[in-house]
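Here is entry10.txt, consisting of compact mmCIF, C-alpha atoms:
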```txt
# COMPACT_ATOMS: atom_id res chain seq x y z
CA MET R 1 96.27 80.59 85.03
CA SER R 2 95.57 84.09 86.35
CA THR R 3 92.42 84.50 88.42
CA LEU R 4 92.49 88.30 88.13
CA ASP R 5 91.35 90.12 85.00
CA PRO R 6 92.99 93.58 85.11
CA ALA R 7 90.83 94.98 82.31
CA ALA R 8 87.58 93.90 83.97
CA LEU R 9 88.71 95.20 87.37
CA ALA R 10 89.76 98.57 85.95
CA ALA R 11 86.50 98.85 84.01
CA ALA R 12 84.50 98.25 87.18
CA LEU R 13 86.32 101.10 88.93
CA ASP R 14 85.75 103.36 85.92
CA ASP R 15 82.02 102.55 86.03
CA VAL R 16 81.83 103.82 89.62
CA HIS R 17 83.70 107.00 88.67
CA ARG R 18 81.28 107.61 85.78
CA ALA R 19 78.34 107.04 88.13
CA GLY R 20 79.42 110.08 90.15
CA MET R 21 82.30 109.10 92.43
CA PRO R 22 85.07 111.73 92.17
CA GLY R 23 87.77 109.17 92.95
CA LEU R 24 88.28 105.65 94.23
CA PHE R 25 91.04 103.10 94.59
CA ALA R 26 91.24 99.40 95.36
CA GLU R 27 93.38 96.34 95.87
CA VAL R 28 92.34 92.76 95.10
CA ARG R 29 94.25 89.66 96.15
CA ASP R 30 93.63 86.11 94.99
CA GLY R 31 96.09 83.62 96.36
CA ASP R 32 99.54 84.86 95.38
CA GLU R 33 98.22 87.40 92.86
CA THR R 34 97.61 91.07 93.64
CA TRP R 35 96.02 93.82 91.56
CA GLN R 36 95.77 97.50 92.43
CA GLY R 37 93.87 100.19 90.56
CA ALA R 38 92.32 103.63 90.80
CA ALA R 39 89.91 105.85 88.90
CA GLY R 40 89.07 109.54 88.98
CA VAL R 41 90.69 112.21 91.08
CA ALA R 42 91.87 112.61 94.65
CA ASP R 43 91.41 116.39 94.51
CA LEU R 44 88.68 118.08 92.52
CA ASP R 45 90.38 121.48 92.66
CA THR R 46 93.76 120.41 91.30
CA GLY R 47 92.76 117.35 89.29
CA ARG R 48 95.37 115.25 91.13
CA PRO R 49 94.60 111.65 90.16
CA ALA R 50 93.57 109.00 92.66
CA THR R 51 96.22 106.33 93.19
CA ALA R 52 96.04 103.01 94.99
CA ASP R 53 98.74 103.86 97.56
CA LEU R 54 96.93 106.80 99.18
CA ARG R 55 96.19 106.92 102.91
CA HIS R 56 92.49 107.10 103.72
CA ARG R 57 90.17 107.49 106.69
CA VAL R 58 88.43 104.09 106.76
CA GLY R 59 85.71 104.83 109.32
CA SER R 60 84.19 101.93 111.19
CA ILE R 61 86.62 99.39 109.78
CA THR R 62 88.47 100.66 112.86
CA LYS R 63 86.04 98.64 114.97
CA THR R 64 87.61 95.37 113.86
CA PHE R 65 90.99 96.62 115.11
CA THR R 66 89.46 97.73 118.42
CA ALA R 67 87.63 94.43 118.80
CA ALA R 68 90.86 92.51 118.17
CA ALA R 69 92.58 94.57 120.87
CA VAL R 70 89.82 93.72 123.36
CA LEU R 71 90.08 90.03 122.45
CA ARG R 72 93.83 90.23 123.12
CA LEU R 73 92.99 91.47 126.64
CA VAL R 74 90.55 88.57 127.02
CA GLU R 75 93.31 86.16 126.01
CA HIS R 76 95.64 87.70 128.61
CA GLY R 77 92.97 87.21 131.29
CA ALA R 78 92.61 90.94 131.89
CA VAL R 79 89.03 91.16 130.59
CA GLY R 80 86.11 88.73 130.70
CA LEU R 81 84.10 88.55 127.50
CA ASP R 82 80.88 87.89 129.42
CA THR R 83 81.69 90.13 132.38
CA PRO R 84 79.32 93.08 132.90
CA ILE R 85 80.85 96.38 131.87
CA GLY R 86 79.72 97.84 135.20
CA ARG R 87 82.38 95.74 136.93
CA TYR R 88 85.04 97.73 135.08
CA LEU R 89 83.40 101.09 134.44
CA PRO R 90 80.64 101.61 137.06
CA ALA R 91 80.77 105.39 136.71
CA LEU R 92 80.15 105.23 132.95
CA VAL R 93 77.42 102.56 132.94
CA PRO R 94 75.95 102.60 136.43
CA GLY R 95 73.34 100.51 138.18
CA ALA R 96 71.28 97.72 136.68
CA ARG R 97 72.31 98.53 133.14
CA GLY R 98 75.99 98.21 134.04
CA ASP R 99 75.18 94.81 135.53
CA ALA R 100 73.27 93.68 132.43
CA VAL R 101 75.51 94.88 129.58
CA THR R 102 78.53 92.65 129.00
CA VAL R 103 81.74 93.22 127.08
CA ARG R 104 80.45 90.80 124.43
CA MET R 105 77.29 92.88 123.98
CA LEU R 106 79.34 96.00 123.38
CA LEU R 107 81.44 94.21 120.76
CA SER R 108 78.36 92.82 118.99
CA HIS R 109 76.17 95.96 119.20
CA THR R 110 73.58 94.11 121.29
CA SER R 111 73.88 96.29 124.40
CA GLY R 112 70.79 98.38 123.66
CA LEU R 113 72.83 101.56 124.17
CA ALA R 114 71.88 104.38 121.81
CA GLU R 115 74.10 106.22 119.36
CA TYR R 116 75.45 109.46 120.86
CA LEU R 117 76.05 111.33 117.59
CA PRO R 118 72.58 112.93 117.17
CA HIS R 119 72.96 114.29 120.71
CA ALA R 120 76.47 115.64 120.17
CA TYR R 121 75.62 117.16 116.77
CA PRO R 122 72.45 119.25 117.28
CA SER R 123 71.62 119.56 113.57
CA LEU R 124 71.43 115.73 113.38
CA ARG R 125 68.97 115.45 116.27
CA ALA R 126 66.21 114.10 114.01
CA PHE R 127 68.37 111.20 112.72
CA PRO R 128 67.44 108.66 111.33
CA ALA R 129 64.74 110.95 109.86
CA ILE R 130 67.16 112.47 107.33
CA GLY R 131 64.70 115.09 106.10
CA GLY R 132 64.73 116.65 109.54
CA THR R 133 68.50 117.05 109.66
CA THR R 134 70.92 119.63 108.30
CA PRO R 135 74.70 119.35 107.95
CA ASP R 136 75.36 122.53 109.94
CA SER R 137 76.92 120.62 112.86
CA LEU R 138 79.42 118.95 110.54
CA VAL R 139 80.84 122.40 109.82
CA ASP R 140 80.50 123.67 113.38
CA HIS R 141 82.46 120.74 114.84
CA ARG R 142 85.26 120.51 112.29
CA HIS R 143 87.80 121.51 114.97
CA THR R 144 85.87 120.60 118.12
CA ARG R 145 87.84 118.51 120.62
CA PHE R 146 85.28 116.18 122.13
CA ASP R 147 85.73 114.50 125.50
CA ARG R 148 85.23 110.75 125.10
CA THR R 149 83.61 110.37 128.52
CA GLU R 150 81.08 113.07 127.69
CA LEU R 151 80.17 111.37 124.40
CA ILE R 152 79.65 108.06 126.20
CA ALA R 153 77.43 109.81 128.75
CA LEU R 154 75.23 111.14 125.95
CA GLY R 155 74.70 107.64 124.57
CA VAL R 156 74.07 106.09 127.97
CA ALA R 157 71.58 108.83 128.91
CA ALA R 158 69.65 108.54 125.64
CA PRO R 159 66.58 106.27 125.48
CA ALA R 160 67.63 102.65 125.06
CA VAL R 161 67.29 101.17 121.57
CA GLY R 162 66.93 97.60 122.81
CA THR R 163 67.34 95.29 125.77
CA PRO R 164 70.82 94.01 126.67
CA GLY R 165 71.50 90.89 124.67
CA GLY R 166 68.32 91.28 122.61
CA ALA R 167 68.02 90.66 118.90
CA PRO R 168 68.32 92.36 116.57
CA GLY R 169 71.05 94.55 117.94
CA VAL R 170 71.40 98.20 116.93
CA TYR R 171 74.67 99.59 115.64
CA SER R 172 76.05 102.28 117.97
CA ASN R 173 79.38 104.05 118.33
CA THR R 174 78.65 104.33 122.06
CA ASN R 175 79.49 100.63 122.37
CA TYR R 176 82.96 101.06 120.91
CA LEU R 177 83.84 104.22 122.79
CA LEU R 178 83.03 102.23 125.94
CA LEU R 179 85.39 99.51 124.75
CA CYS R 180 88.09 102.16 124.30
CA ALA R 181 87.44 103.31 127.88
CA LEU R 182 87.69 99.67 128.98
CA ILE R 183 91.07 99.29 127.27
CA GLU R 184 92.33 102.42 129.01
CA HIS R 185 90.98 101.29 132.40
CA VAL R 186 92.69 97.90 132.15
CA THR R 187 95.99 98.93 130.55
CA GLY R 188 96.54 102.33 132.15
CA GLY R 189 97.45 103.81 128.77
CA SER R 190 95.52 105.23 125.85
CA ALA R 191 93.36 103.04 123.65
CA GLU R 192 95.26 104.31 120.61
CA GLU R 193 98.57 103.14 122.11
CA TYR R 194 97.29 99.67 122.98
CA ILE R 195 95.56 99.09 119.63
CA THR R 196 98.71 100.24 117.86
CA ALA R 197 101.00 97.93 119.82
CA GLU R 198 98.78 94.84 120.01
CA VAL R 199 97.09 94.99 116.62
CA ILE R 200 98.59 97.41 114.10
CA GLU R 201 102.23 96.63 114.86
CA ARG R 202 101.48 92.95 115.47
CA ALA R 203 100.14 92.82 111.90
CA GLY R 204 103.18 94.61 110.53
CA LEU R 205 101.15 97.45 109.05
CA ARG R 206 103.43 100.29 107.98
CA ASP R 207 100.84 102.72 106.61
CA THR R 208 98.14 102.44 109.28
CA SER R 209 97.68 104.65 112.31
CA LEU R 210 95.21 106.13 114.78
CA PRO R 211 96.01 109.86 114.55
CA THR R 212 94.59 112.07 117.25
CA GLY R 213 94.87 115.29 115.25
CA ALA R 214 92.74 116.69 112.44
CA THR R 215 95.06 116.00 109.51
CA ILE R 216 96.43 113.00 107.63
CA ASP R 217 100.21 113.33 107.55
CA ALA R 218 100.80 111.47 104.29
CA PRO R 219 99.54 111.65 100.68
CA HIS R 220 95.77 111.18 100.80
CA SER R 221 92.58 111.91 98.96
CA ARG R 222 90.31 114.84 99.71
CA LEU R 223 87.03 113.74 101.31
CA TYR R 224 83.80 115.15 99.89
CA GLU R 225 80.61 115.09 101.94
CA SER R 226 77.25 115.70 100.23
CA TRP R 227 74.88 114.99 103.17
CA PHE R 228 72.09 113.94 100.85
CA GLY R 229 72.53 116.86 98.49
CA MET R 230 72.44 119.54 101.20
CA PHE R 231 76.08 120.35 100.41
CA ASP R 232 76.05 121.33 96.74
CA PRO R 233 78.79 121.09 95.69
CA PRO R 234 79.98 118.56 98.27
CA ARG R 235 82.11 119.97 101.08
CA ASP R 236 85.75 118.98 101.63
CA PHE R 237 86.12 117.48 105.10
CA SER R 238 89.53 115.86 104.69
CA GLU R 239 90.78 117.96 107.61
CA TYR R 240 88.62 117.11 110.61
CA ASP R 241 89.17 116.54 114.33
CA MET R 242 88.33 112.85 114.76
CA SER R 243 87.72 113.00 118.51
CA TRP R 244 84.00 112.87 117.67
CA VAL R 245 84.44 109.14 117.13
CA GLY R 246 87.93 108.27 118.38
CA PRO R 247 89.16 104.66 117.99
CA ALA R 248 85.64 103.61 117.06
CA ALA R 249 86.24 104.99 113.53
CA SER R 250 89.36 107.16 113.31
CA LEU R 251 91.79 104.74 111.64
CA VAL R 252 93.88 105.90 108.68
CA SER R 253 95.07 103.09 106.44
CA THR R 254 95.67 101.94 102.86
CA VAL R 255 93.87 99.32 100.80
CA ALA R 256 97.00 97.16 100.91
CA ASP R 257 97.25 97.34 104.70
CA LEU R 258 93.57 96.51 105.09
CA ASN R 259 93.95 93.37 103.01
CA ARG R 260 97.07 92.38 104.92
CA PHE R 261 95.38 92.87 108.30
CA PHE R 262 92.19 90.98 107.51
CA GLY R 263 94.15 88.17 105.88
CA LEU R 264 96.20 87.72 109.05
CA LEU R 265 93.20 88.14 111.34
CA LEU R 266 91.13 85.51 109.56
CA ALA R 267 94.11 83.15 109.52
CA GLY R 268 94.20 83.27 113.33
CA ARG R 269 97.46 85.22 113.48
CA ILE R 270 96.28 88.42 115.22
CA VAL R 271 94.03 86.85 117.83
CA ALA R 272 93.96 83.18 118.80
CA PRO R 273 91.74 80.84 116.73
CA SER R 274 89.36 80.54 119.70
CA SER R 275 89.02 84.33 119.83
CA LEU R 276 88.47 84.47 116.07
CA ALA R 277 85.66 81.91 116.46
CA GLU R 278 84.00 84.25 118.96
CA MET R 279 84.39 87.17 116.55
CA GLN R 280 82.64 85.15 113.83
CA ARG R 281 79.57 84.30 115.92
CA ALA R 282 77.31 86.64 113.98
CA GLY R 283 73.75 87.74 114.61
CA PRO R 284 71.33 90.36 113.25
CA VAL R 285 72.17 94.03 113.82
CA ILE R 286 70.33 97.05 112.43
CA SER R 287 72.82 99.33 110.68
CA PHE R 288 72.81 103.13 110.52
CA GLU R 289 71.10 102.81 107.13
CA GLY R 290 68.27 100.80 108.69
CA THR R 291 69.21 97.52 107.00
CA THR R 292 69.82 94.32 108.95
CA ILE R 293 73.38 93.01 108.72
CA ASP R 294 75.08 89.88 110.10
CA TYR R 295 77.50 91.10 112.75
CA GLY R 296 79.84 89.27 115.11
CA LEU R 297 82.39 90.82 117.46
CA GLY R 298 83.73 93.61 115.28
CA LEU R 299 83.30 91.53 112.13
CA HIS R 300 80.61 91.78 109.46
CA ARG R 301 79.58 88.70 107.47
CA PHE R 302 78.78 89.30 103.79
CA GLU R 303 77.10 86.75 101.54
CA MET R 304 78.22 87.33 97.95
CA PRO R 305 76.11 85.60 95.26
CA GLY R 306 78.13 82.92 93.54
CA ARG R 307 81.11 83.46 95.84
CA GLY R 308 79.84 82.45 99.28
CA THR R 309 80.77 83.99 102.60
CA PHE R 310 83.14 86.91 103.06
CA TRP R 311 84.21 88.53 106.33
CA GLY R 312 85.21 92.14 106.83
CA HIS R 313 83.78 95.54 107.63
CA ASP R 314 82.79 98.80 106.00
CA GLY R 315 82.90 102.35 107.27
CA THR R 316 82.33 106.02 106.56
CA VAL R 317 83.49 109.32 107.95
CA TRP R 318 82.48 112.78 106.77
CA GLY R 319 83.35 112.57 103.07
CA GLY R 320 85.10 109.22 102.97
CA GLY R 321 84.17 105.58 102.81
CA ALA R 322 85.81 102.18 102.61
CA ILE R 323 84.98 98.50 102.58
CA THR R 324 87.13 95.40 102.94
CA MET R 325 86.16 91.77 102.52
CA THR R 326 88.04 88.47 102.73
CA SER R 327 86.57 85.15 101.59
CA ALA R 328 85.94 82.50 104.22
CA ASP R 329 88.78 80.39 102.82
CA GLY R 330 91.11 83.41 102.94
CA ARG R 331 91.96 83.25 99.25
CA ARG R 332 90.12 86.25 97.80
CA GLN R 333 90.42 89.70 99.32
CA LEU R 334 89.33 93.17 98.33
CA ALA R 335 89.59 96.64 99.80
CA VAL R 336 88.04 99.76 98.26
CA ALA R 337 88.21 103.43 99.28
CA VAL R 338 85.94 106.20 97.98
CA ASN R 339 86.02 109.98 98.43
CA LEU R 340 82.33 110.97 98.31
CA THR R 341 79.64 110.02 100.81
CA ARG R 342 75.86 110.35 101.05
CA PRO R 343 75.24 111.72 97.53
CA ASN R 344 71.62 110.55 97.37
CA PRO R 345 69.31 113.57 97.05
CA LEU R 346 66.31 113.81 99.33
CA GLY R 347 62.95 113.06 97.76
CA ALA R 348 59.69 114.86 98.42
CA ASP R 349 59.09 112.44 101.32
CA GLY R 350 62.29 113.55 103.02
CA ARG R 351 64.01 110.24 102.37
CA PRO R 352 67.18 109.64 100.36
CA GLY R 353 66.33 108.98 96.73
CA PRO R 354 68.13 106.84 94.17
CA HIS R 355 71.58 107.60 92.80
CA PRO R 356 73.58 105.82 90.06
CA LEU R 357 76.16 104.83 92.68
CA ASP R 358 73.52 102.65 94.33
CA THR R 359 73.99 100.10 91.56
CA ALA R 360 77.56 100.89 90.48
CA LEU R 361 79.14 100.22 93.87
CA PRO R 362 77.53 96.80 94.50
CA ALA R 363 78.45 95.83 90.93
CA LEU R 364 82.04 96.80 91.69
CA TYR R 365 82.11 94.66 94.83
CA ARG R 366 80.76 91.67 92.93
CA THR R 367 83.42 92.08 90.26
CA LEU R 368 86.19 92.42 92.79
CA CYS R 369 84.94 89.35 94.63
CA GLY R 370 85.21 87.42 91.40
CA ALA R 371 81.48 86.89 91.01
```

Could you spell out this file's structure in C-alpha cells?
Amino acid sequence: MSTLDPAALAAALDDVHRAGMPGLFAEVRDGDETWQGAAGVADLDTGRPATADLRHRVGSITKTFTAAAVLRLVEHGAVGLDTPIGRYLPALVPGARGDAVTVRMLLSHTSGLAEYLPHAYPSLRAFPAIGGTTPDSLVDHRHTRFDRTELIALGVAAPAVGTPGGAPGVYSNTNYLLLCALIEHVTGGSAEEYITAEVIERAGLRDTSLPTGATIDAPHSRLYESWFGMFDPPRDFSEYDMSWVGPAASLVSTVADLNRFFGLLLAGRIVAPSSLAEMQRAGPVISFEGTTIDYGLGLHRFEMPGRGTFWGHDGTVWGGGAITMTSADGRRQLAVAVNLTRPNPLGADGRPGPHPLDTALPALYRTLCGA
C-alpha cells in the first residue's frame, strides 16, 4: 500500500503558494516510493512555472557538507576533533581563545565566536534588532568579492557571544568559515575542492556544486528577498557573489540530491558510523531567529509531532530558502526549496510581524513528514 498521498502533498504545496510564496518545489521519499511536486512560479516576470528539478541555493544546508568533510579529515588522522583551532590556525584565532576553542566547538556553534555579517554589511549593524537595519548593504555587495580571512577576522574581533564550550551555543557563520580555512590549511587545496571530492562526489550527486561565481549555471528559480517588507516588491537576488559566506552556505543543489545525500549520510555511508554518532550529539544552540534549536556537528535535530525525530538542516540566502529532513530510521525524507525570504512586515515595535507563511510552511513540513 502506498504511503504517499500525491493529492495531499500537492495541496500542501499549493497552500504555501496561496499564503504568499511565489514558488516552491519539493521531493518526498518513503522507503522505495518517491514523489516530486511544485507550485507557483520560478520567475515572476515571465511566469515560468516552478518545477521540482530546478537547481537552488540551499544556504546553510551547506554546513552539513562542510562538517562531513571535516569529519573525513578526522577519520584520516589529519585533524583532531578536540584539538584547539589555535594549533592549526594561530594567526586567525590567536592567544588564549585559540587554545580554548576546539574543532568540535566550531562544528557545534559552541565556540562563542560572533557572527561577522553585521560587521561586513554596515546596514545590518543593528542585527538582531531588525528595526534598526536596512537592506542597503544587500544591494551594495551584490558583486563584492570578499576575502574569507578578512571575514573571519571581523567575527573573531567582535565581542564574544559566549564562552568556549558553553551552552547554549550561538549560531555563527564565523565558525564554518574557520572550518573552511582549516580544510585548506590541512589539505593544501581549496575547501570547495575538498568538499566536492570527499563529500559531493562520494555521494554521487550530479546536480550539486559549490560555485565560486555569482550565477547558477543551470535552470533555477529566481530568488526574491523582502527583508521584512523593506523591499516592496521583493528584490531579485538570484545573481549574487557568494563569497560573503563561501562554503558555509554557498551550495547549489536540487531537492533530489539533498534527499540522496542525507539518506547516505545518516546510513553511515559518507562518514564512518562513529563520526555520524559524533555529528548526532546535539545540544542547544540559539539560531539567527533567536529560537533555541538542537544542533550537533553540522546536523540539526527536529522533533516532528506524531513522527518522532528527524535529522537534517535548513538554510537561507538572500531570496532563497530550503529545508531537508530525514527520519531517524532513514525511511521518510523530505526536501523543500522556496524562492521568497523574510516576508514578515515590521510592526510598530520594530519586530517582524505575522505572515500567513508562518503557519503554511510548518503545516507543509508536517504533511511531508507524514504527520

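Between Gly169 (chain R) and the residues R:Thr66, R:Thr196, R:Ser108, R:Thr212, the shortest atom-to-atom distance, using all atoms listed in the file, involves R:Ser108.
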
Self-check item: Nearby residues (all atoms listed in the file) at most 10 Å from His355 (chain R), same-chain spacing under 2 positions excluded, as JSON, numbers by chain
Solution: {"R": [19, 20, 342, 343, 344, 345, 352, 353, 357, 358, 359, 360]}

Distance query region 266-272 of chain R at most 7 Å, all atoms listed in the file, self and fewer than 6 positions along chain excluded, as an mmCIF file with C-alpha atoms, keeping the file's coordinate frame:
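Listing of out25.cif after writing:
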```
data_model
loop_
_atom_site.group_PDB
_atom_site.id
_atom_site.type_symbol
_atom_site.label_atom_id
_atom_site.label_comp_id
_atom_site.auth_asym_id
_atom_site.auth_seq_id
_atom_site.Cartn_x
_atom_site.Cartn_y
_atom_site.Cartn_z
ATOM 1 C CA ALA R 68 90.860 92.510 118.170
ATOM 2 C CA LEU R 71 90.080 90.030 122.450
ATOM 3 C CA ARG R 72 93.830 90.230 123.120
ATOM 4 C CA VAL R 199 97.090 94.990 116.620
ATOM 5 C CA ARG R 202 101.480 92.950 115.470
ATOM 6 C CA ALA R 203 100.140 92.820 111.900
ATOM 7 C CA GLY R 330 91.110 83.410 102.940
#
```

Exercise. Using only C-alpha atoms, determine which residues lie at most 12 Å from Pro118 (chain R), disregarding the query and same-chain residues fewer than 2 positions distant; provide the list as a ChimeraX atom specification.
Key: /R:114-116,120-130,132-135,137-138,151,154-155,158,172-174,244,288

Counting all atoms listed in the file, which residues of region 135-250 of chain R sit at most 12 Å from some atom of region 84-99 of chain R, and what is each one's closest atom pair with its distance in Å to one decimal, listed by chain and rising residue number, as CSV?
```
residue,atom,partner,partner_atom,distance
R:Arg148,CA,R:Leu92,CA,10.9
R:Thr149,CA,R:Leu92,CA,7.6
R:Glu150,CA,R:Leu92,CA,9.5
R:Leu151,CA,R:Leu92,CA,10.5
R:Ile152,CA,R:Leu92,CA,7.3
R:Ala153,CA,R:Leu92,CA,6.8
R:Leu154,CA,R:Leu92,CA,10.4
R:Gly155,CA,R:Val93,CA,10.2
R:Val156,CA,R:Val93,CA,7.0
R:Ala157,CA,R:Val93,CA,9.5
R:Ala160,CA,R:Arg97,CA,10.2
R:Gly162,CA,R:Arg97,CA,11.7
R:Thr163,CA,R:Arg97,CA,9.5
R:Pro164,CA,R:Arg97,CA,8.0
R:Gly165,CA,R:Arg97,CA,11.4
R:Thr174,CA,R:Leu92,CA,11.0
R:Asn175,CA,R:Ile85,CA,10.5
R:Leu177,CA,R:Leu92,CA,10.9
R:Leu178,CA,R:Leu92,CA,8.2
R:Leu179,CA,R:Ile85,CA,9.0
R:Cys180,CA,R:Leu89,CA,11.2
R:Ala181,CA,R:Leu89,CA,8.0
R:Leu182,CA,R:Tyr88,CA,6.9
R:Ile183,CA,R:Tyr88,CA,10.0
R:Glu184,CA,R:Leu89,CA,10.5
R:His185,CA,R:Tyr88,CA,7.4
R:Val186,CA,R:Tyr88,CA,8.2
R:Thr187,CA,R:Tyr88,CA,11.9
```

Please save C-alpha atoms of the selected residues as a short mmCIF file (atom, residue, chain, number, x, y, z; two decimals), in the coordinates of the input.
```cif
data_model
loop_
_atom_site.label_atom_id
_atom_site.label_comp_id
_atom_site.auth_asym_id
_atom_site.auth_seq_id
_atom_site.Cartn_x
_atom_site.Cartn_y
_atom_site.Cartn_z
CA ARG R 148 85.23 110.75 125.10
CA THR R 149 83.61 110.37 128.52
CA GLU R 150 81.08 113.07 127.69
CA LEU R 151 80.17 111.37 124.40
CA ILE R 152 79.65 108.06 126.20
CA ALA R 153 77.43 109.81 128.75
CA LEU R 154 75.23 111.14 125.95
CA GLY R 155 74.70 107.64 124.57
CA VAL R 156 74.07 106.09 127.97
CA ALA R 157 71.58 108.83 128.91
CA ALA R 160 67.63 102.65 125.06
CA GLY R 162 66.93 97.60 122.81
CA THR R 163 67.34 95.29 125.77
CA PRO R 164 70.82 94.01 126.67
CA GLY R 165 71.50 90.89 124.67
CA THR R 174 78.65 104.33 122.06
CA ASN R 175 79.49 100.63 122.37
CA LEU R 177 83.84 104.22 122.79
CA LEU R 178 83.03 102.23 125.94
CA LEU R 179 85.39 99.51 124.75
CA CYS R 180 88.09 102.16 124.30
CA ALA R 181 87.44 103.31 127.88
CA LEU R 182 87.69 99.67 128.98
CA ILE R 183 91.07 99.29 127.27
CA GLU R 184 92.33 102.42 129.01
CA HIS R 185 90.98 101.29 132.40
CA VAL R 186 92.69 97.90 132.15
CA THR R 187 95.99 98.93 130.55
#
```

In the coordinates of the file, take the point (97.1, 92.6, 86.2) and a cut-off of 10 Å; then, counting only C-alpha atoms, name each qualifying protein, DNA or RNA residue as a compact mmCIF listing (two decimals) with C-alpha atoms, in the coordinates of the input.
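Saved file out.txt follows:
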```txt
# COMPACT_ATOMS: atom_id res chain seq x y z
CA SER R 2 95.57 84.09 86.35
CA THR R 3 92.42 84.50 88.42
CA LEU R 4 92.49 88.30 88.13
CA ASP R 5 91.35 90.12 85.00
CA PRO R 6 92.99 93.58 85.11
CA ALA R 7 90.83 94.98 82.31
CA ALA R 8 87.58 93.90 83.97
CA LEU R 9 88.71 95.20 87.37
CA ALA R 10 89.76 98.57 85.95
CA GLU R 33 98.22 87.40 92.86
CA THR R 34 97.61 91.07 93.64
CA TRP R 35 96.02 93.82 91.56
CA GLN R 36 95.77 97.50 92.43
CA GLY R 37 93.87 100.19 90.56
```

Quiz item: With only C-alpha atoms as the atoms that count, which of R:Ser274, R:Thr309, R:Thr324, R:Thr316 lies nearest to Asn339 (chain R)?
Solution: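 Using only C-alpha atoms, the shortest distance to Asn339 (chain R) belongs to R:Thr316.
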
Quiz prompt | R:Ser190, R:Thr291, R:Ser275, R:Gln333 ranked by distance to Val74 (chain R), top pick (using all atoms listed in the file) | solution = R:Ser275

Practice problem: Show which residues sit within 9 Å of Asp241 (chain R), as a list in words. Count all atoms listed in the file, and ignore same-chain residues fewer than 2 positions away. | Solution: His141, Arg142, His143, Thr144, Arg145, Phe146, Thr212, Gly213, Ala214, Thr215, Glu239, Ser243 and Trp244 of chain R

Quiz item: Could you name the residues that touch Arg366 (chain R) at 9 Å or less, counting all atoms listed in the file, but leaving out those on the same chain fewer than 3 positions away, as a PyMOL selection string?
Solution: chain R and resi 304-305+307+361-363+369-371

Exercise. Enter the distance from CA of Asp43 (chain R) to CA of Ser221 (chain R), in Å, rounded to one decimal.
Key: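 Result for CA of Asp43 (chain R) versus CA of Ser221 (chain R): 6.4 Å, one decimal.
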
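In this comparison, which uses all atoms listed in the file, the residue of R:Gly31, R:Gly112, R:Gly131, R:Gly40 approaching Gly350 (chain R) most closely is R:Gly131.
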
Quiz item: With all atoms listed in the file as the atoms that count, which of R:Leu346, R:Gly319, R:Ala69, R:Met21 lies nearest to Phe228 (chain R)?
Solution: R:Leu346

Quiz item: CA of Leu54 (chain R) and CA of Gly321 (chain R) are how many Å apart?
Solution: 13.3 Å

Self-check item: Which of R:Leu210, R:Ala335, R:Gly263, R:His76 sits closest to Phe25 (chain R) [using all atoms listed in the file]
Solution: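 For Phe25 (chain R), the nearest of the given residues is R:Ala335.
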
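In this model, the gap between CA of Gly306 (chain R) and CA of Glu27 (chain R) comes to 20.4 Å.
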
Could you model N, CA and C atoms for region 287-300 of chain R and present them as a CSV table (one decimal), keeping the file's coordinate frame?
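Listing of rebuild.csv after writing:
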```csv
chain,number,residue,atom,x,y,z
R,287,SER,N,71.8,98.4,111.0
R,287,SER,CA,72.8,99.3,110.7
R,287,SER,C,72.3,100.8,110.7
R,288,PHE,N,73.2,101.7,110.6
R,288,PHE,CA,72.8,103.1,110.5
R,288,PHE,C,71.8,103.4,109.4
R,289,GLU,N,72.0,102.6,108.3
R,289,GLU,CA,71.1,102.8,107.1
R,289,GLU,C,69.7,102.2,107.3
R,290,GLY,N,69.5,101.4,108.4
R,290,GLY,CA,68.3,100.8,108.7
R,290,GLY,C,68.2,99.4,108.1
R,291,THR,N,69.2,98.9,107.5
R,291,THR,CA,69.2,97.5,107.0
R,291,THR,C,69.7,96.6,108.1
R,292,THR,N,69.4,95.3,108.0
R,292,THR,CA,69.8,94.3,109.0
R,292,THR,C,71.0,93.6,108.4
R,293,ILE,N,72.1,93.6,109.1
R,293,ILE,CA,73.4,93.0,108.7
R,293,ILE,C,73.7,91.9,109.7
R,294,ASP,N,74.6,91.0,109.2
R,294,ASP,CA,75.1,89.9,110.1
R,294,ASP,C,76.4,90.4,110.7
R,295,TYR,N,76.4,90.5,112.1
R,295,TYR,CA,77.5,91.1,112.8
R,295,TYR,C,78.0,90.2,113.9
R,296,GLY,N,79.3,90.0,114.0
R,296,GLY,CA,79.8,89.3,115.1
R,296,GLY,C,80.4,90.2,116.1
R,297,LEU,N,81.7,89.9,116.5
R,297,LEU,CA,82.4,90.8,117.5
R,297,LEU,C,83.4,91.6,116.6
R,298,GLY,N,82.9,92.8,116.1
R,298,GLY,CA,83.7,93.6,115.3
R,298,GLY,C,83.9,93.1,113.9
R,299,LEU,N,83.2,92.1,113.5
R,299,LEU,CA,83.3,91.5,112.1
R,299,LEU,C,81.9,91.5,111.5
R,300,HIS,N,81.8,91.8,110.2
R,300,HIS,CA,80.6,91.8,109.5
R,300,HIS,C,80.7,90.6,108.5
```
